[in-house]
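Trainee: Data file entry12.txt (compact mmCIF, C-alpha atoms and all ligand atoms) is appended below.
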# COMPACT_ATOMS: atom_id res chain seq x y z
CA MET A 45 7.31 96.24 -115.75
CA ALA A 46 8.75 98.81 -118.17
CA VAL A 47 8.99 102.35 -116.84
CA ALA A 48 6.59 104.73 -118.57
CA PRO A 49 7.93 107.69 -120.56
CA PRO A 50 7.85 111.04 -118.73
CA VAL A 51 4.76 112.40 -120.46
CA ALA A 52 1.34 110.85 -120.88
CA ILE A 53 -0.96 112.40 -123.46
CA ILE A 54 -4.49 111.27 -122.81
CA MET A 55 -7.65 112.27 -124.63
CA GLY A 56 -11.33 111.58 -124.33
CA SER A 57 -11.90 110.29 -127.83
CA GLN A 58 -10.28 109.33 -131.09
CA SER A 59 -11.83 112.54 -132.42
CA ASP A 60 -9.53 114.53 -130.12
CA TRP A 61 -6.41 113.21 -131.82
CA ALA A 62 -6.54 115.82 -134.61
CA THR A 63 -5.89 118.39 -131.87
CA MET A 64 -3.76 116.37 -129.48
CA ARG A 65 -1.37 115.18 -132.17
CA HIS A 66 0.07 118.70 -132.04
CA ALA A 67 1.16 118.03 -128.45
CA ALA A 68 2.75 114.75 -129.53
CA GLU A 69 4.52 116.39 -132.48
CA THR A 70 5.85 119.19 -130.27
CA LEU A 71 7.24 116.68 -127.77
CA ASP A 72 8.77 114.74 -130.67
CA ALA A 73 10.50 117.91 -131.87
CA LEU A 74 11.95 118.38 -128.39
CA GLY A 75 13.00 114.76 -128.01
CA VAL A 76 10.64 114.10 -125.10
CA PRO A 77 9.34 110.52 -124.96
CA HIS A 78 5.62 110.22 -124.47
CA GLU A 79 2.72 107.82 -124.59
CA THR A 80 -0.72 108.49 -126.07
CA ARG A 81 -3.94 106.93 -124.83
CA ILE A 82 -7.69 107.33 -125.25
CA VAL A 83 -9.23 107.59 -121.80
CA SER A 84 -12.80 108.80 -121.58
CA ALA A 85 -14.10 110.09 -118.25
CA HIS A 86 -17.60 109.14 -119.28
CA ARG A 87 -17.33 106.16 -121.63
CA THR A 88 -14.40 104.38 -119.96
CA PRO A 89 -14.49 105.48 -116.32
CA ASP A 90 -12.71 102.35 -115.06
CA ARG A 91 -9.87 103.02 -117.53
CA LEU A 92 -9.63 106.55 -116.21
CA VAL A 93 -9.40 105.43 -112.59
CA ALA A 94 -6.77 102.80 -113.41
CA PHE A 95 -4.69 105.27 -115.43
CA ALA A 96 -4.89 108.19 -113.03
CA LYS A 97 -4.32 106.21 -109.84
CA GLY A 98 -1.39 104.34 -111.38
CA ALA A 99 0.23 107.17 -113.35
CA ARG A 100 2.88 108.14 -110.82
CA ASP A 101 3.90 104.59 -109.98
CA ALA A 102 4.01 103.81 -113.69
CA GLY A 103 6.74 106.43 -114.02
CA PHE A 104 4.93 109.29 -115.71
CA LYS A 105 6.01 112.77 -114.58
CA VAL A 106 3.47 115.00 -116.34
CA VAL A 107 0.01 114.37 -117.79
CA ILE A 108 -1.45 116.27 -120.75
CA ALA A 109 -5.19 115.68 -120.95
CA GLY A 110 -7.33 116.86 -123.85
CA ALA A 111 -11.10 116.69 -124.00
CA GLY A 112 -14.05 118.47 -125.52
CA GLY A 113 -17.62 119.35 -124.58
CA ALA A 114 -18.34 118.24 -121.01
CA ALA A 115 -14.59 117.93 -120.61
CA HIS A 116 -14.19 116.24 -117.25
CA LEU A 117 -11.08 114.22 -118.12
CA PRO A 118 -8.38 116.67 -116.99
CA GLY A 119 -10.09 117.49 -113.70
CA MET A 120 -10.93 113.92 -112.79
CA THR A 121 -7.39 112.87 -113.65
CA ALA A 122 -6.01 115.62 -111.42
CA ALA A 123 -8.30 114.43 -108.64
CA MET A 124 -6.64 111.02 -108.69
CA THR A 125 -2.97 111.78 -109.27
CA PRO A 126 -0.48 114.18 -107.65
CA LEU A 127 1.29 114.64 -110.97
CA PRO A 128 0.99 118.00 -112.76
CA VAL A 129 -1.94 117.89 -115.18
CA PHE A 130 -2.22 120.24 -118.15
CA GLY A 131 -5.68 120.44 -119.69
CA VAL A 132 -6.31 121.12 -123.36
CA PRO A 133 -9.84 122.22 -124.30
CA VAL A 134 -10.68 120.59 -127.63
CA GLU A 135 -12.77 122.72 -130.00
CA SER A 136 -16.29 121.32 -129.96
CA LYS A 137 -18.68 121.54 -132.88
CA ALA A 138 -21.62 122.84 -130.88
CA LEU A 139 -19.94 125.58 -128.85
CA SER A 140 -16.54 126.08 -130.49
CA GLY A 141 -14.70 124.78 -127.44
CA GLN A 142 -16.01 127.34 -124.99
CA ASP A 143 -17.81 124.48 -123.23
CA SER A 144 -14.53 122.54 -123.12
CA LEU A 145 -12.61 125.53 -121.79
CA LEU A 146 -15.05 126.31 -119.00
CA SER A 147 -15.35 122.65 -118.05
CA ILE A 148 -11.59 122.39 -117.64
CA VAL A 149 -10.56 125.75 -116.24
CA GLN A 150 -13.01 126.27 -113.40
CA MET A 151 -11.55 123.78 -110.92
CA PRO A 152 -12.27 124.05 -107.21
CA ALA A 153 -9.39 125.19 -105.00
CA GLY A 154 -7.27 122.23 -104.01
CA ILE A 155 -7.20 120.27 -107.27
CA PRO A 156 -5.29 122.19 -109.92
CA VAL A 157 -5.39 121.75 -113.68
CA GLY A 158 -3.13 123.99 -115.72
CA THR A 159 -5.55 125.01 -118.45
CA LEU A 160 -4.34 125.96 -121.91
CA ALA A 161 -5.98 127.63 -124.89
CA ILE A 162 -8.66 125.99 -127.01
CA GLY A 163 -7.39 123.78 -129.81
CA ARG A 164 -4.01 123.50 -131.50
CA ALA A 165 -2.37 126.38 -129.60
CA GLY A 166 -3.32 124.74 -126.32
CA ALA A 167 -1.98 121.38 -127.40
CA VAL A 168 1.35 122.84 -128.53
CA ASN A 169 1.67 124.92 -125.37
CA ALA A 170 0.78 122.01 -123.11
CA ALA A 171 3.69 120.12 -124.62
CA LEU A 172 5.99 123.13 -124.16
CA LEU A 173 4.93 123.46 -120.53
CA ALA A 174 5.45 119.76 -119.92
CA ALA A 175 8.91 120.06 -121.44
CA ALA A 176 9.64 123.11 -119.31
CA VAL A 177 8.73 121.19 -116.15
CA LEU A 178 10.96 118.28 -117.14
CA ALA A 179 13.76 120.66 -118.16
CA LEU A 180 14.07 121.85 -114.56
CA THR A 181 15.94 118.62 -113.84
CA ASP A 182 17.19 117.79 -117.34
CA GLY A 183 19.93 120.08 -118.65
CA PRO A 184 20.10 118.70 -122.20
CA LEU A 185 16.33 119.12 -122.53
CA ALA A 186 16.63 122.69 -121.26
CA ASP A 187 19.17 123.31 -124.03
CA ARG A 188 16.82 121.80 -126.64
CA LEU A 189 13.97 123.96 -125.37
CA ASP A 190 16.16 127.06 -125.66
CA ALA A 191 17.08 126.05 -129.21
CA TRP A 192 13.42 125.45 -130.11
CA ARG A 193 12.50 128.93 -128.92
CA ALA A 194 15.44 130.52 -130.72
CA ALA A 195 14.46 128.74 -133.95
CA GLN A 196 10.91 129.97 -133.54
CA SER A 197 12.12 133.55 -133.14
CA ALA A 198 14.41 133.19 -136.16
CA SER A 199 11.51 131.93 -138.28
CA VAL A 200 9.49 135.13 -137.84
CA ALA A 201 9.98 137.48 -140.78
CA GLU A 202 10.86 141.11 -140.12
CA ARG A 203 8.20 142.35 -142.54
CA PRO A 204 4.93 140.97 -143.90
CA VAL A 205 4.64 139.93 -147.52
CA SER A 206 1.59 140.05 -149.74
CA GLU A 207 0.00 136.68 -150.25
CA ALA A 208 -1.15 135.51 -153.66
CA PRO A 209 -4.90 136.11 -154.13
C1 LIG B 301 -15.46 114.15 -125.26
O1 LIG B 301 -16.49 114.21 -126.15
C2 LIG B 301 -14.23 113.92 -126.08
O2 LIG B 301 -13.12 114.45 -125.43
C3 LIG B 301 -14.53 114.58 -127.38
O3 LIG B 301 -13.93 115.86 -127.48
C4 LIG B 301 -16.04 114.74 -127.34
C5 LIG B 301 -16.75 114.10 -128.52
O4 LIG B 301 -16.37 112.74 -128.58
P1 LIG B 301 -16.83 111.84 -129.80
O5 LIG B 301 -18.33 111.78 -129.77
O6 LIG B 301 -16.30 112.48 -131.06
O7 LIG B 301 -16.19 110.50 -129.57
O8 LIG B 301 -15.61 113.13 -124.33
What would you get if you wrote out this structure as structure tokens?
Mentor:
Amino acid sequence: MAVAPPVAIIMGSQSDWATMRHAAETLDALGVPHETRIVSAHRTPDRLVAFAKGARDAGFKVVIAGAGGAAHLPGMTAAMTPLPVFGVPVESKALSGQDSLLSIVQMPAGIPVGTLAIGRAGAVNAALLAAAVLALTDGPLADRLDAWRAAQSASVAERPVSEAP
């Protein structure tokens, strides 16, 4: 069986992709191979169990899990794998993602989920954290991460400009 890429990006629904694609794009920019899957804690529980229990043996090193509303995916994944799990609260229509955030962040002691910000910022930062974990044992990736951060700093203007009305 083919060895999985180091990062799995899982999400509860197709509707989460608009947010989670930012994690995928950030990993692409850093040259970090990844796989994307829809895994719903509620609608596809058997898929969740199979993924989470098999993730380490499959070869994944880090899991990024995005979900919205009653966002149980990151926590349930963390309950079934020893791999680091980073949770991304997707912005919900009803409660602007505050439901997602609280569902993901308030884990009981013993089963950690590294919880990021709501929405795009969380997805980007989950990818950067995943890359940082992998960079601990991957020198070339560490160099690419340094270059990414330097490019980000260089892209910030010294002074603001007026925008066209
Ligand atoms: C959650 O329910 C998903 O993670 C998604 O954020 C939310 C809504 O899903 P859809 O009804 O759009 O499929 O499980």
Trainee: So what do you get for CA of Asp143 (chain A) versus CA of Lys105 (chain A), distance-wise?
Mentor: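 So the answer is 27.9 Å.
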Trainee: Which residues, written as a ChimeraX atom specification, have at least one atom at most 12 Å from Gln58 (chain A), with all atoms listed in the file counted and residues fewer than 6 positions away on the same chain left out?
Mentor: /A:64-65,80-84,110-112,134
Trainee: What does the structure give for the distance between atom O1 of ligand LIG 301 (chain B) and CA of Ala175 (chain A), in Å to one decimal?
Mentor: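 Rounded to one decimal, the two atoms are 26.5 Å apart.
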Trainee: For Val51 (chain A), which residue out of A:Ala208, A:Val129, A:Val149, A:Met120 is the nearest one, using all atoms listed in the file?
Mentor: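 Of all the options, A:Val129 lies closest to Val51 (chain A).
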Trainee: When you look at Ala115 (chain A) with a cut-off of 9 Å (counting all atoms listed in the file), what residues show up, excluding the ones that are within fewer than 5 positions of it in the same chain? I need them as number ranges by chain.
Mentor: A: 56, 85, 110, 133-134, 143-148
Trainee: Looking at only C-alpha atoms and all ligand atoms, which of A:Leu139, A:Ala176, A:Val76, A:Val107 is the one that sits closest to ligand LIG 301 (chain B)?
Mentor: A:Leu139
Trainee: Restricting the calculation to all atoms listed in the file, which member of A:Gly166, A:Ala73, A:Glu79, A:Pro49 is positioned closest to Ala191 (chain A)?
Mentor: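 Looking only at the distances to Ala191 (chain A), the closest residue turns out to be A:Ala73.
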Trainee: Just need the box for ligand LIG 301 (chain B), edges along x, y and z, holding every atom the file lists for it with 3 Å tacked onto each side, so centre and edge lengths in Å to one decimal, as lines of an AutoDock Vina configuration file.
Mentor:
center_x = -15.7
center_y = 113.2
center_z = -127.7
size_x = 11.2
size_y = 11.4
size_z = 12.7
Trainee: Which residue out of A:Ala114, A:Phe130, A:Val47, A:Ser199 has the minimum interatomic distance to Arg100 (chain A) when all atoms listed in the file are used?
Mentor: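 Nearest to Arg100 (chain A): A:Val47.
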Trainee: Just checking: using all atoms listed in the file, which residue out of A:Ala48, A:Ile162, A:Ala99, A:Met151 ends up closest to ligand LIG 301 (chain B)?
Mentor: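 Residue with the minimum atom-to-atom distance to ligand LIG 301 (chain B): A:Ile162.
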Trainee: I need the residue nearest Thr159 (chain A) from this list: A:Gly131, A:Ala52, A:Phe104, A:Leu180. Use only C-alpha atoms for the distance.
Mentor: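 Of A:Gly131, A:Ala52, A:Phe104, A:Leu180, the one nearest Thr159 (chain A) is A:Gly131, counting only C-alpha atoms.
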Trainee: Could you please give me, as an MDAnalysis selection string, the residues of protein, DNA or RNA lying at most 12 Å from (-9.9, 120.6, -105.5) in the coordinate frame of the file, considering only C-alpha atoms?
Mentor: chainID A and resid 119:126 149:157
Trainee: Could you state the separation of CA of Val106 (chain A) and CA of Leu74 (chain A) in Å, given to one decimal place?
Mentor: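 For CA of Val106 (chain A) relative to CA of Leu74 (chain A), the distance reads 15.1 Å.
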Trainee: Please rebuild region 82-105 of chain A with N, CA and C atoms and give the result as an mmCIF file, keeping the file's coordinate frame.
Mentor:
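Contents of the output file result29.cif:
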data_model
loop_
_atom_site.group_PDB
_atom_site.id
_atom_site.type_symbol
_atom_site.label_atom_id
_atom_site.label_comp_id
_atom_site.auth_asym_id
_atom_site.auth_seq_id
_atom_site.Cartn_x
_atom_site.Cartn_y
_atom_site.Cartn_z
ATOM 1 N N ILE A 82 -6.301 106.854 -125.332
ATOM 2 C CA ILE A 82 -7.690 107.330 -125.250
ATOM 3 C C ILE A 82 -8.245 106.869 -123.913
ATOM 4 N N VAL A 83 -8.661 107.854 -123.122
ATOM 5 C CA VAL A 83 -9.230 107.590 -121.800
ATOM 6 C C VAL A 83 -10.432 108.509 -121.650
ATOM 7 N N SER A 84 -11.612 107.969 -121.677
ATOM 8 C CA SER A 84 -12.800 108.800 -121.580
ATOM 9 C C SER A 84 -13.354 108.790 -120.153
ATOM 10 N N ALA A 85 -13.538 109.995 -119.612
ATOM 11 C CA ALA A 85 -14.100 110.090 -118.250
ATOM 12 C C ALA A 85 -15.498 109.501 -118.187
ATOM 13 N N HIS A 86 -16.205 109.560 -119.299
ATOM 14 C CA HIS A 86 -17.600 109.140 -119.280
ATOM 15 C C HIS A 86 -17.811 107.738 -119.851
ATOM 16 N N ARG A 87 -17.093 107.441 -120.968
ATOM 17 C CA ARG A 87 -17.330 106.160 -121.630
ATOM 18 C C ARG A 87 -16.440 105.041 -121.089
ATOM 19 N N THR A 88 -15.296 105.401 -120.538
ATOM 20 C CA THR A 88 -14.400 104.380 -119.960
ATOM 21 C C THR A 88 -13.935 104.818 -118.576
ATOM 22 N N PRO A 89 -14.874 104.965 -117.648
ATOM 23 C CA PRO A 89 -14.490 105.480 -116.320
ATOM 24 C C PRO A 89 -13.512 104.572 -115.586
ATOM 25 N N ASP A 90 -13.648 103.254 -115.754
ATOM 26 C CA ASP A 90 -12.710 102.350 -115.060
ATOM 27 C C ASP A 90 -11.286 102.532 -115.602
ATOM 28 N N ARG A 91 -11.188 102.764 -116.925
ATOM 29 C CA ARG A 91 -9.870 103.020 -117.530
ATOM 30 C C ARG A 91 -9.271 104.300 -116.965
ATOM 31 N N LEU A 92 -10.110 105.290 -116.784
ATOM 32 C CA LEU A 92 -9.630 106.550 -116.210
ATOM 33 C C LEU A 92 -9.081 106.346 -114.806
ATOM 34 N N VAL A 93 -9.836 105.644 -113.973
ATOM 35 C CA VAL A 93 -9.400 105.430 -112.590
ATOM 36 C C VAL A 93 -8.078 104.658 -112.570
ATOM 37 N N ALA A 94 -7.993 103.611 -113.388
ATOM 38 C CA ALA A 94 -6.770 102.800 -113.410
ATOM 39 C C ALA A 94 -5.582 103.645 -113.874
ATOM 40 N N PHE A 95 -5.796 104.434 -114.928
ATOM 41 C CA PHE A 95 -4.690 105.270 -115.430
ATOM 42 C C PHE A 95 -4.266 106.292 -114.391
ATOM 43 N N ALA A 96 -5.229 107.058 -113.904
ATOM 44 C CA ALA A 96 -4.890 108.190 -113.030
ATOM 45 C C ALA A 96 -4.276 107.723 -111.711
ATOM 46 N N LYS A 97 -4.853 106.681 -111.123
ATOM 47 C CA LYS A 97 -4.320 106.210 -109.840
ATOM 48 C C LYS A 97 -2.941 105.558 -110.005
ATOM 49 N N GLY A 98 -2.668 105.024 -111.183
ATOM 50 C CA GLY A 98 -1.390 104.340 -111.380
ATOM 51 C C GLY A 98 -0.341 105.160 -112.097
ATOM 52 N N ALA A 99 -0.678 106.389 -112.480
ATOM 53 C CA ALA A 99 0.230 107.170 -113.350
ATOM 54 C C ALA A 99 1.583 107.432 -112.703
ATOM 55 N N ARG A 100 1.589 107.838 -111.464
ATOM 56 C CA ARG A 100 2.880 108.140 -110.820
ATOM 57 C C ARG A 100 3.728 106.879 -110.659
ATOM 58 N N ASP A 101 3.129 105.820 -110.166
ATOM 59 C CA ASP A 101 3.900 104.590 -109.980
ATOM 60 C C ASP A 101 4.359 104.012 -111.311
ATOM 61 N N ALA A 102 3.598 104.298 -112.370
ATOM 62 C CA ALA A 102 4.010 103.810 -113.690
ATOM 63 C C ALA A 102 5.271 104.504 -114.176
ATOM 64 N N GLY A 103 5.536 105.696 -113.635
ATOM 65 C CA GLY A 103 6.740 106.430 -114.020
ATOM 66 C C GLY A 103 6.486 107.710 -114.780
ATOM 67 N N PHE A 104 5.220 108.014 -115.055
ATOM 68 C CA PHE A 104 4.930 109.290 -115.710
ATOM 69 C C PHE A 104 5.284 110.441 -114.770
ATOM 70 N N LYS A 105 5.678 111.567 -115.365
ATOM 71 C CA LYS A 105 6.010 112.770 -114.580
ATOM 72 C C LYS A 105 4.987 113.879 -114.785
#
